[in-house]
file run_18.txt (compact mmCIF, C-alpha atoms)
# COMPACT_ATOMS: atom_id res chain seq x y z
CA MET H 19 57.20 168.72 -107.69
CA LYS H 20 55.43 165.40 -106.97
CA LYS H 21 52.84 167.24 -104.87
CA PHE H 22 52.17 169.65 -107.75
CA LYS H 23 51.70 166.77 -110.21
CA LEU H 24 49.33 164.99 -107.81
CA THR H 25 47.26 168.16 -107.33
CA ALA H 26 47.06 168.72 -111.09
CA ALA H 27 46.04 165.11 -111.65
CA LEU H 28 43.31 165.33 -109.01
CA ALA H 29 42.03 168.55 -110.59
CA LEU H 30 41.82 166.87 -114.00
CA LEU H 31 40.10 163.83 -112.49
CA SER H 32 37.58 166.04 -110.70
CA ALA H 33 36.87 168.03 -113.88
CA GLY H 34 36.37 164.81 -115.81
CA SER H 35 33.97 163.35 -113.22
CA VAL H 36 31.73 166.43 -113.55
CA TRP H 37 30.95 165.33 -117.10
CA ALA H 38 31.45 161.56 -116.76
CA ALA H 39 27.72 160.70 -116.65
CA GLY H 40 27.05 162.76 -119.76
CA ARG H 41 23.80 164.41 -120.88
CA ASP H 42 22.60 164.53 -124.48
CA TYR H 43 20.12 167.40 -124.17
CA ILE H 44 20.17 171.05 -123.08
CA SER H 45 18.64 171.80 -119.66
CA ILE H 46 16.95 175.20 -119.19
CA VAL H 47 15.22 176.66 -116.10
CA GLY H 48 13.98 180.09 -115.02
CA SER H 49 11.47 182.79 -115.85
CA SER H 50 7.84 181.98 -116.65
CA THR H 51 7.77 185.12 -118.83
CA VAL H 52 10.69 184.01 -121.01
CA TYR H 53 9.46 180.38 -120.99
CA PRO H 54 7.14 180.73 -124.06
CA PHE H 55 9.89 182.37 -126.14
CA SER H 56 12.46 179.78 -125.10
CA THR H 57 9.99 176.95 -125.80
CA VAL H 58 9.32 178.14 -129.36
CA VAL H 59 13.07 178.29 -130.09
CA ALA H 60 13.63 174.88 -128.48
CA GLU H 61 10.87 173.25 -130.52
CA ARG H 62 12.16 174.69 -133.80
CA PHE H 63 15.70 173.74 -132.84
CA GLY H 64 14.66 170.14 -132.12
CA LYS H 65 12.85 169.81 -135.45
CA SER H 66 15.49 171.46 -137.65
CA THR H 67 18.67 169.88 -136.24
CA THR H 68 19.90 166.43 -135.23
CA PHE H 69 20.07 167.51 -131.57
CA LYS H 70 17.42 166.68 -128.98
CA THR H 71 14.82 169.30 -128.11
CA PRO H 72 16.01 171.18 -124.98
CA LYS H 73 14.11 170.48 -121.75
CA ILE H 74 12.70 173.66 -120.20
CA GLU H 75 11.34 174.10 -116.68
CA SER H 76 9.43 177.22 -115.57
CA THR H 77 10.79 177.85 -112.07
CA GLY H 78 10.59 181.64 -111.89
CA THR H 79 13.62 183.90 -112.28
CA GLY H 80 14.78 183.69 -108.66
CA GLY H 81 14.33 179.93 -108.48
CA GLY H 82 16.16 179.52 -111.78
CA MET H 83 19.13 181.55 -110.55
CA LYS H 84 19.49 179.33 -107.48
CA LEU H 85 19.51 176.17 -109.61
CA PHE H 86 21.80 177.69 -112.24
CA CYS H 87 24.34 178.93 -109.70
CA LYS H 88 24.65 175.66 -107.76
CA GLY H 89 27.61 174.51 -109.84
CA VAL H 90 28.82 173.14 -113.17
CA GLY H 91 28.23 169.67 -114.58
CA VAL H 92 25.40 167.51 -115.88
CA ASP H 93 23.45 167.78 -112.62
CA SER H 94 22.97 171.53 -113.06
CA PRO H 95 21.14 173.54 -115.75
CA ASP H 96 23.00 174.91 -118.75
CA ILE H 97 20.83 178.01 -119.19
CA THR H 98 18.50 180.06 -117.01
CA ASN H 99 15.85 182.43 -118.34
CA ALA H 100 15.30 185.73 -116.54
CA SER H 101 12.72 188.51 -116.67
CA ARG H 102 15.16 190.86 -114.98
CA ARG H 103 18.92 191.22 -115.00
CA ILE H 104 20.92 188.88 -112.78
CA LYS H 105 21.67 190.46 -109.39
CA GLU H 106 25.25 191.06 -108.30
CA THR H 107 24.63 188.78 -105.28
CA GLU H 108 23.46 186.01 -107.63
CA LEU H 109 26.52 186.34 -109.86
CA THR H 110 28.71 186.20 -106.73
CA MET H 111 26.88 183.02 -105.68
CA CYS H 112 27.61 181.55 -109.12
CA HIS H 113 31.31 182.38 -108.85
CA GLU H 114 31.55 180.95 -105.31
CA ASN H 115 30.07 177.67 -106.56
CA GLY H 116 32.47 177.35 -109.49
CA VAL H 117 30.27 178.88 -112.19
CA LYS H 118 33.00 181.29 -113.21
CA ASP H 119 32.07 182.43 -116.73
CA VAL H 120 28.42 183.48 -117.16
CA VAL H 121 27.35 184.78 -120.56
CA GLU H 122 24.46 187.26 -120.56
CA VAL H 123 22.09 187.29 -123.55
CA LEU H 124 19.59 190.16 -123.80
CA ILE H 125 16.76 188.89 -126.04
CA GLY H 126 14.34 191.83 -126.14
CA PHE H 127 11.79 193.71 -124.06
CA ASP H 128 8.43 193.05 -122.47
CA GLY H 129 5.77 195.16 -120.78
CA ILE H 130 4.19 194.21 -117.46
CA VAL H 131 0.43 194.68 -117.60
CA MET H 132 -2.44 194.84 -115.16
CA ALA H 133 -5.39 193.26 -116.92
CA ASN H 134 -8.89 191.99 -116.22
CA ASP H 135 -11.68 190.07 -117.92
CA ILE H 136 -12.51 191.57 -121.31
CA LYS H 137 -16.17 192.09 -120.35
CA SER H 138 -15.36 193.78 -117.05
CA HIS H 139 -14.57 197.38 -116.04
CA ASP H 140 -12.08 199.60 -117.87
CA PHE H 141 -9.14 200.76 -115.76
CA ALA H 142 -7.08 203.89 -116.37
CA LEU H 143 -4.41 203.69 -113.68
CA THR H 144 -1.45 205.81 -112.70
CA ARG H 145 1.63 204.41 -111.01
CA LYS H 146 0.57 206.41 -107.93
CA ASP H 147 -2.80 204.60 -107.97
CA ILE H 148 -0.99 201.25 -108.17
CA PHE H 149 1.27 202.10 -105.24
CA LEU H 150 -1.64 203.29 -103.07
CA ALA H 151 -3.62 200.16 -103.91
CA LEU H 152 -0.90 197.59 -103.20
CA ALA H 153 1.66 199.03 -100.76
CA LYS H 154 1.71 197.65 -97.22
CA GLN H 155 2.16 201.16 -95.82
CA ILE H 156 1.25 204.48 -97.41
CA PRO H 157 1.94 208.13 -96.49
CA ALA H 158 -0.23 209.56 -93.71
CA GLU H 159 -1.64 213.06 -93.76
CA LYS H 160 1.57 214.55 -92.36
CA ASP H 161 4.80 214.35 -94.37
CA GLY H 162 7.22 211.80 -92.96
CA GLU H 163 4.51 209.70 -91.32
CA LEU H 164 3.10 206.38 -92.51
CA LYS H 165 -0.04 204.35 -91.90
CA ALA H 166 -1.21 200.85 -92.69
CA ASN H 167 -2.92 200.76 -96.08
CA PRO H 168 -6.63 201.46 -95.38
CA TYR H 169 -7.95 201.18 -98.94
CA THR H 170 -10.31 198.35 -99.82
CA MET H 171 -12.00 199.83 -102.92
CA TRP H 172 -10.44 201.27 -106.09
CA ASN H 173 -12.62 204.41 -106.04
CA GLU H 174 -11.33 205.27 -102.55
CA ILE H 175 -7.93 205.87 -104.13
CA ASN H 176 -9.18 207.70 -107.19
CA PRO H 177 -12.89 208.61 -107.72
CA SER H 178 -12.52 207.96 -111.46
CA LEU H 179 -11.76 204.27 -110.81
CA PRO H 180 -14.50 201.60 -110.51
CA ALA H 181 -16.29 201.17 -107.18
CA ILE H 182 -15.11 197.59 -106.75
CA LYS H 183 -12.94 195.74 -104.24
CA ILE H 184 -9.16 195.89 -104.69
CA GLU H 185 -8.18 192.36 -105.65
CA VAL H 186 -4.97 191.76 -107.61
CA LEU H 187 -3.61 188.37 -108.65
CA GLY H 188 0.14 188.47 -109.06
CA PRO H 189 3.40 186.52 -109.03
CA PRO H 190 5.28 185.38 -105.88
CA PRO H 191 8.57 186.85 -104.55
CA THR H 192 10.66 184.36 -106.58
CA SER H 193 9.35 185.88 -109.82
CA GLY H 194 11.32 188.31 -111.95
CA THR H 195 7.99 189.79 -113.04
CA ARG H 196 7.27 190.71 -109.42
CA ASP H 197 10.77 192.20 -108.97
CA ALA H 198 10.28 194.34 -112.07
CA PHE H 199 6.70 195.28 -111.14
CA VAL H 200 7.62 196.61 -107.69
CA GLU H 201 10.57 198.54 -109.13
CA LEU H 202 8.80 200.04 -112.13
CA ALA H 203 5.17 200.39 -111.03
CA MET H 204 5.21 200.48 -107.23
CA GLU H 205 8.38 202.53 -106.82
CA GLY H 206 7.35 204.67 -109.78
CA GLY H 207 4.20 205.64 -107.87
CA CYS H 208 5.87 205.80 -104.46
CA LYS H 209 8.31 208.53 -105.50
CA LYS H 210 5.46 210.75 -106.66
CA PHE H 211 5.40 211.82 -102.99
CA ASP H 212 8.17 214.40 -102.65
CA TRP H 213 9.20 213.51 -99.10
CA ILE H 214 9.56 209.83 -100.06
CA LYS H 215 11.61 210.77 -103.10
CA ASP H 216 13.91 212.74 -100.76
CA LEU H 217 14.11 209.72 -98.42
CA LYS H 218 16.03 207.84 -101.11
CA LYS H 219 18.98 210.20 -100.59
CA SER H 220 18.99 210.00 -96.77
CA ASP H 221 17.92 206.38 -96.11
CA LYS H 222 17.94 204.17 -99.18
CA SER H 223 17.02 201.05 -97.20
CA ALA H 224 13.91 202.66 -95.68
CA TYR H 225 12.96 204.07 -99.09
CA LYS H 226 13.20 200.66 -100.75
CA SER H 227 11.31 198.92 -97.96
CA LEU H 228 8.46 201.41 -98.19
CA CYS H 229 8.23 201.46 -101.99
CA HIS H 230 8.72 197.73 -102.63
CA THR H 231 6.71 196.04 -99.84
CA ILE H 232 3.35 194.70 -101.00
CA ARG H 233 0.44 194.48 -98.57
CA GLU H 234 -0.42 191.08 -97.05
CA ASP H 235 -4.05 191.58 -96.04
CA GLY H 236 -5.68 189.80 -98.98
CA ALA H 237 -5.80 192.62 -101.53
CA TYR H 238 -2.79 191.09 -103.31
CA ILE H 239 -3.05 187.36 -103.93
CA GLU H 240 0.02 185.34 -104.89
CA ALA H 241 -1.13 183.26 -107.86
CA GLY H 242 2.04 181.30 -108.64
CA GLU H 243 4.50 181.38 -111.53
CA ASN H 244 2.01 180.26 -114.20
CA ASP H 245 0.72 183.34 -116.04
CA ASN H 246 -1.81 181.25 -117.95
CA LEU H 247 -3.32 180.23 -114.62
CA ILE H 248 -3.77 183.91 -113.68
CA ILE H 249 -5.65 184.50 -116.93
CA GLN H 250 -7.92 181.52 -116.17
CA LYS H 251 -8.65 182.90 -112.69
CA LEU H 252 -9.59 186.29 -114.15
CA GLN H 253 -12.33 184.55 -116.15
CA LYS H 254 -13.81 183.25 -112.90
CA ASN H 255 -13.43 186.58 -111.07
CA PRO H 256 -14.22 189.48 -113.45
CA ASN H 257 -13.62 192.12 -110.75
CA ALA H 258 -10.01 191.06 -110.15
CA LEU H 259 -6.92 192.38 -111.93
CA GLY H 260 -3.95 190.19 -112.83
CA ILE H 261 -0.27 191.04 -113.27
CA PHE H 262 1.66 189.35 -116.11
CA GLY H 263 3.78 190.00 -119.19
CA PHE H 264 2.61 191.67 -122.40
CA SER H 265 3.18 188.47 -124.38
CA PHE H 266 0.41 186.72 -122.41
CA LEU H 267 -1.92 189.69 -122.98
CA ASP H 268 -1.11 189.56 -126.68
CA GLN H 269 -1.85 185.84 -126.87
CA ASN H 270 -5.12 186.14 -124.90
CA ALA H 271 -6.56 189.35 -126.35
CA ASP H 272 -9.93 187.63 -126.75
CA LEU H 273 -10.12 186.94 -123.01
CA VAL H 274 -8.51 189.85 -121.16
CA LYS H 275 -7.86 193.58 -121.58
CA ALA H 276 -5.17 195.75 -120.02
CA ALA H 277 -5.38 198.88 -117.93
CA THR H 278 -3.62 201.98 -119.21
CA VAL H 279 -0.77 203.19 -116.98
CA ASP H 280 -0.11 206.94 -116.87
CA ALA H 281 -2.36 207.21 -119.97
CA ALA H 282 -0.17 204.83 -122.00
CA GLU H 283 -1.53 201.64 -123.56
CA PRO H 284 0.67 198.53 -123.28
CA GLU H 285 1.23 198.04 -126.99
CA PHE H 286 4.14 196.83 -129.11
CA GLU H 287 5.18 200.37 -130.16
CA SER H 288 4.73 202.03 -126.74
CA ILE H 289 6.80 199.37 -125.00
CA ALA H 290 9.55 199.54 -127.61
CA SER H 291 9.70 203.34 -127.37
CA GLY H 292 9.56 203.46 -123.56
CA GLU H 293 6.31 205.44 -123.54
CA TYR H 294 4.63 202.65 -121.58
CA PRO H 295 6.29 203.04 -118.15
CA VAL H 296 6.11 199.45 -116.88
CA SER H 297 8.44 197.71 -119.34
CA ARG H 298 11.59 195.65 -118.76
CA PRO H 299 14.37 193.76 -120.55
CA LEU H 300 14.35 189.95 -120.86
CA TYR H 301 17.44 187.76 -120.70
CA PHE H 302 18.86 184.29 -120.56
CA TYR H 303 22.19 183.31 -119.00
CA VAL H 304 24.58 180.60 -120.19
CA LYS H 305 27.36 178.66 -118.48
CA LYS H 306 30.36 179.00 -120.77
CA ALA H 307 31.85 175.78 -119.34
CA HIS H 308 28.83 173.84 -120.62
CA VAL H 309 28.99 175.01 -124.23
CA SER H 310 31.82 172.65 -125.14
CA GLN H 311 30.39 169.74 -123.12
CA ILE H 312 26.62 169.60 -123.77
CA PRO H 313 25.63 168.65 -127.35
CA GLY H 314 23.94 171.44 -129.30
CA MET H 315 24.71 174.34 -126.95
CA ALA H 316 26.54 176.51 -129.51
CA GLU H 317 23.93 175.71 -132.17
CA PHE H 318 21.03 176.56 -129.82
CA LEU H 319 22.61 179.93 -128.97
CA LYS H 320 23.02 180.64 -132.67
CA GLU H 321 19.35 179.82 -133.34
CA PHE H 322 18.04 181.93 -130.45
CA THR H 323 20.11 184.98 -131.38
CA SER H 324 19.41 184.73 -135.11
CA LYS H 325 17.53 187.39 -137.09
CA LYS H 326 14.85 184.84 -137.93
CA ALA H 327 14.18 184.28 -134.19
CA MET H 328 14.66 187.56 -132.30
CA GLY H 329 15.09 190.02 -135.16
CA ASP H 330 12.55 192.81 -135.70
CA GLU H 331 10.52 190.52 -137.96
CA GLY H 332 11.52 187.27 -136.28
CA TYR H 333 9.18 184.51 -135.21
CA LEU H 334 9.45 185.53 -131.53
CA THR H 335 7.78 188.87 -132.27
CA ASP H 336 4.69 186.83 -133.22
CA LYS H 337 4.69 185.63 -129.61
CA GLY H 338 4.85 189.17 -128.20
CA LEU H 339 8.60 189.77 -127.82
CA ILE H 340 9.56 193.43 -128.34
CA PRO H 341 12.78 193.25 -130.40
CA LEU H 342 16.11 195.02 -129.83
CA ASP H 343 17.27 197.85 -132.03
CA GLU H 344 19.92 196.95 -134.61
CA ASP H 345 22.94 198.12 -132.58
CA LYS H 346 21.89 196.18 -129.46
CA PHE H 347 21.01 193.13 -131.54
CA ASN H 348 24.44 193.11 -133.23
CA GLN H 349 26.20 193.44 -129.86
CA VAL H 350 24.20 190.55 -128.39
CA VAL H 351 25.03 188.33 -131.38
CA LYS H 352 28.74 189.19 -131.04
CA ASP H 353 28.87 188.57 -127.28
CA SER H 354 26.97 185.27 -127.48
CA LYS H 355 29.06 184.00 -130.39
CA GLU H 356 32.32 184.89 -128.63
CA LEU H 357 30.93 183.70 -125.25
CA ASN H 358 32.06 186.91 -123.56
CA PRO H 359 31.52 186.53 -119.78
CA MET H 360 29.59 189.29 -118.03
CA SER H 361 30.67 191.35 -115.04
CA PHE H 362 29.26 194.23 -112.98
call {"tool": "encode", "arguments": {"input": "run_18.txt", "output": "structure tokens"}}
result
Amino acid sequence: MKKFKLTAALALLSAGSVWAAGRDYISIVGSSTVYPFSTVVAERFGKSTTFKTPKIESTGTGGGMKLFCKGVGVDSPDITNASRRIKETELTMCHENGVKDVVEVLIGFDGIVMANDIKSHDFALTRKDIFLALAKQIPAEKDGELKANPYTMWNEINPSLPAIKIEVLGPPPTSGTRDAFVELAMEGGCKKFDWIKDLKKSDKSAYKSLCHTIREDGAYIEAGENDNLIIQKLQKNPNALGIFGFSFLDQNADLVKAATVDAAEPEFESIASGEYPVSRPLYFYVKKAHVSQIPGMAEFLKEFTSKKAMGDEGYLTDKGLIPLDEDKFNQVVKDSKELNPMSF
């Protein structure tokens, strides 16, 4: 009995020490794509309430997940933004480190674009073109055989494309935008080859490696997590294409223009309807244990999931967020209000 009481006391002491130092602001990390949306909400929240403006760091989705899942307490972030859904391995890592109850908040949708300088060439791409331009290995002449990617010019892949060097500025492996791009665009083009599509059934690992591995010979250039920096680099190199979210295209329409993908323009309506094939959901994730401990957490969640923020005429749509339909929106509001933990 004494041993039980001692253990319980130590547990309470340990739990208390996690919060002993205190923190009077919300700490947010994660996706560079979600960063602008989160920043707008944070700024409005700071001005309209008595709470401090949340501090937001753009670390990329993967980097944010690592920080978020390290543990609970004032030394770890309260929220992480994500431009893809949390992976099962990441949620397991959270649980193993004591982050037991993770609340998932779907905020809307975004398209991933390939864009270039507004005065440069027009691009009408297919997902097959994108795969053949950026994959490390591509199908050889005989089914079942592969070869190192030989293409250096866009018109070598498709005669209708410009006769310029393949040069694409894109995010690093830690980015959720890159994860979504290889899944939606690269894999989408990869499985246009029938024998590769069949490979998914017989050897899923080989299929994924082939479809998701980007070439490393200079045609694809890792340009960091800052999408604004990619847009600046496109001004200096009009022949290059850059990969980033629709919201950045929308905000820089006077500087850059997007390629069509499978004849679809990346526009608000085409992304919302699914006609534009390279679109993805955007999220943020919350530690339930932090909501009762960090000042303003519940109020910040309420602001972010309000109609005035992420509704179909909310202020986030002015920044390029594609809103949820009414049923999804209502479910998100319910789950975030009740702090319902997610599971796979």
call {"tool": "closest_atom_pairs", "arguments": {"input": "run_18.txt", "of": "segment 48-167 of chain H", "to": "segment 346-359 of chain H", "cutoff": "9 Å", "atoms": "all atoms listed in the file", "output": "JSON lines"}}
result
{"residue": "H:Lys118", "atom": "CA", "partner": "H:Pro359", "partner_atom": "CA", "distance": 8.5}
{"residue": "H:Asp119", "atom": "CA", "partner": "H:Pro359", "partner_atom": "CA", "distance": 5.1}
{"residue": "H:Val120", "atom": "CA", "partner": "H:Pro359", "partner_atom": "CA", "distance": 5.1}
{"residue": "H:Val121", "atom": "CA", "partner": "H:Pro359", "partner_atom": "CA", "distance": 4.6}
{"residue": "H:Glu122", "atom": "CA", "partner": "H:Pro359", "partner_atom": "CA", "distance": 7.1}
{"residue": "H:Val123", "atom": "CA", "partner": "H:Val350", "partner_atom": "CA", "distance": 6.2}
{"residue": "H:Leu124", "atom": "CA", "partner": "H:Val350", "partner_atom": "CA", "distance": 6.5}
{"residue": "H:Ile125", "atom": "CA", "partner": "H:Val350", "partner_atom": "CA", "distance": 8.0}
{"residue": "H:Gly126", "atom": "CA", "partner": "H:Phe347", "partner_atom": "CA", "distance": 8.7}
call {"tool": "atom_distance", "arguments": {"input": "run_18.txt", "atom1": "atom CA of Asp245 of chain H", "atom2": "atom CA of Phe262 of chain H"}}
result
6.1 Å
call {"tool": "closest_residue", "arguments": {"input": "run_18.txt", "among": "H:Ser178, H:Thr110, H:Ser310, H:Thr57", "to": "Leu334 of chain H", "atoms": "all atoms listed in the file"}}
result
H:Thr57
call {"tool": "closest_residue", "arguments": {"input": "run_18.txt", "among": "H:Leu228, H:Ile136, H:Ile175, H:Ala203", "to": "Lys154 of chain H", "atoms": "all atoms listed in the file"}}
result
H:Leu228
call {"tool": "atom_distance", "arguments": {"input": "run_18.txt", "atom1": "atom CA of Pro256 of chain H", "atom2": "atom CA of Pro295 of chain H"}}
result
25.0 Å
call {"tool": "closest_atom_pairs", "arguments": {"input": "run_18.txt", "of": "segment 247-301 of chain H", "to": "segment 44-52 of chain H", "cutoff": "10 Å", "atoms": "only C-alpha atoms", "output": "JSON lines"}}
result
{"residue": "H:Phe262", "atom": "CA", "partner": "H:Thr51", "partner_atom": "CA", "distance": 7.9}
{"residue": "H:Gly263", "atom": "CA", "partner": "H:Thr51", "partner_atom": "CA", "distance": 6.3}
{"residue": "H:Phe264", "atom": "CA", "partner": "H:Thr51", "partner_atom": "CA", "distance": 9.1}
{"residue": "H:Ser265", "atom": "CA", "partner": "H:Thr51", "partner_atom": "CA", "distance": 7.9}
{"residue": "H:Phe266", "atom": "CA", "partner": "H:Thr51", "partner_atom": "CA", "distance": 8.3}
{"residue": "H:Leu300", "atom": "CA", "partner": "H:Val52", "partner_atom": "CA", "distance": 7.0}
{"residue": "H:Tyr301", "atom": "CA", "partner": "H:Val52", "partner_atom": "CA", "distance": 7.7}
call {"tool": "residues_around", "arguments": {"input": "run_18.txt", "residues": "Arg233 of chain H", "least_positions_apart": "4", "cutoff": "8 Å", "atoms": "all atoms listed in the file", "output": "PDB file with C-alpha atoms, keeping the file's coordinate frame"}}
result
ATOM      1  CA  LEU H 152      -0.900 197.590-103.200  1.00  0.00           C
ATOM      2  CA  ALA H 153       1.660 199.030-100.760  1.00  0.00           C
ATOM      3  CA  LYS H 154       1.710 197.650 -97.220  1.00  0.00           C
ATOM      4  CA  GLN H 155       2.160 201.160 -95.820  1.00  0.00           C
ATOM      5  CA  ASN H 167      -2.920 200.760 -96.080  1.00  0.00           C
ATOM      6  CA  ALA H 237      -5.800 192.620-101.530  1.00  0.00           C
ATOM      7  CA  TYR H 238      -2.790 191.090-103.310  1.00  0.00           C
TER       8      TYR H 238
END
call {"tool": "atom_distance", "arguments": {"input": "run_18.txt", "atom1": "atom CA of Ala60 of chain H", "atom2": "atom CA of Phe318 of chain H"}}
result
7.7 Å
call {"tool": "axis_aligned_box", "arguments": {"input": "run_18.txt", "around": "segment 187-202 of chain H", "padding_each_side": "6 Å", "output": "lines of an AutoDock Vina configuration file"}}
result
center_x = 3.9
center_y = 192.2
center_z = -108.8
size_x = 26.9
size_y = 27.7
size_z = 20.5
call {"tool": "residues_near_point", "arguments": {"input": "run_18.txt", "point": "(-11.4, 197.2, -111.2)", "cutoff": "6 Å", "atoms": "all atoms listed in the file", "output": "JSON, numbers by chain"}}
result
{"H": [139, 180, 182, 257]}
call {"tool": "closest_residue", "arguments": {"input": "run_18.txt", "among": "H:Lys73, H:His308, H:Arg62, H:Lys210", "to": "Ile148 of chain H", "atoms": "all atoms listed in the file"}}
result
H:Lys210
call {"tool": "residues_around", "arguments": {"input": "run_18.txt", "residues": "Pro341 of chain H", "least_positions_apart": "4", "cutoff": "8 Å", "atoms": "only C-alpha atoms", "output": "VMD selection string"}}
result
chain H and resid 125 to 127 290 328 to 330 335
call {"tool": "decode", "arguments": {"input": "run_18.txt", "residues": "segment 145-156 of chain H", "atoms": "N, CA and C atoms", "output": "PDB file, in the first residue's frame"}}
result
ATOM      1  N   ARG H 145       0.712  14.475 -65.753  1.00  0.00           N
ATOM      2  CA  ARG H 145       1.434  13.826 -64.653  1.00  0.00           C
ATOM      3  C   ARG H 145       2.502  12.871 -65.183  1.00  0.00           C
ATOM      4  N   LYS H 146       2.276  12.307 -66.351  1.00  0.00           N
ATOM      5  CA  LYS H 146       3.286  11.439 -66.980  1.00  0.00           C
ATOM      6  C   LYS H 146       4.517  12.261 -67.355  1.00  0.00           C
ATOM      7  N   ASP H 147       4.312  13.465 -67.895  1.00  0.00           N
ATOM      8  CA  ASP H 147       5.430  14.358 -68.206  1.00  0.00           C
ATOM      9  C   ASP H 147       6.245  14.657 -66.949  1.00  0.00           C
ATOM     10  N   ILE H 148       5.542  14.939 -65.852  1.00  0.00           N
ATOM     11  CA  ILE H 148       6.208  15.292 -64.593  1.00  0.00           C
ATOM     12  C   ILE H 148       7.048  14.125 -64.085  1.00  0.00           C
ATOM     13  N   PHE H 149       6.482  12.932 -64.138  1.00  0.00           N
ATOM     14  CA  PHE H 149       7.225  11.741 -63.708  1.00  0.00           C
ATOM     15  C   PHE H 149       8.474  11.545 -64.558  1.00  0.00           C
ATOM     16  N   LEU H 150       8.323  11.621 -65.875  1.00  0.00           N
ATOM     17  CA  LEU H 150       9.464  11.397 -66.776  1.00  0.00           C
ATOM     18  C   LEU H 150      10.526  12.481 -66.633  1.00  0.00           C
ATOM     19  N   ALA H 151      10.125  13.666 -66.220  1.00  0.00           N
ATOM     20  CA  ALA H 151      11.090  14.749 -66.040  1.00  0.00           C
ATOM     21  C   ALA H 151      11.874  14.620 -64.741  1.00  0.00           C
ATOM     22  N   LEU H 152      11.261  14.097 -63.697  1.00  0.00           N
ATOM     23  CA  LEU H 152      11.853  14.184 -62.360  1.00  0.00           C
ATOM     24  C   LEU H 152      12.217  12.856 -61.698  1.00  0.00           C
ATOM     25  N   ALA H 153      11.777  11.738 -62.250  1.00  0.00           N
ATOM     26  CA  ALA H 153      12.082  10.445 -61.620  1.00  0.00           C
ATOM     27  C   ALA H 153      13.554  10.080 -61.790  1.00  0.00           C
ATOM     28  N   LYS H 154      14.103   9.423 -60.793  1.00  0.00           N
ATOM     29  CA  LYS H 154      15.507   8.989 -60.869  1.00  0.00           C
ATOM     30  C   LYS H 154      15.676   7.915 -61.927  1.00  0.00           C
ATOM     31  N   GLN H 155      14.728   6.988 -61.981  1.00  0.00           N
ATOM     32  CA  GLN H 155      14.728   5.943 -63.017  1.00  0.00           C
ATOM     33  C   GLN H 155      13.393   5.972 -63.752  1.00  0.00           C
ATOM     34  N   ILE H 156      13.433   5.651 -65.031  1.00  0.00           N
ATOM     35  CA  ILE H 156      12.214   5.618 -65.835  1.00  0.00           C
ATOM     36  C   ILE H 156      12.166   4.306 -66.615  1.00  0.00           C
TER      37      ILE H 156
END
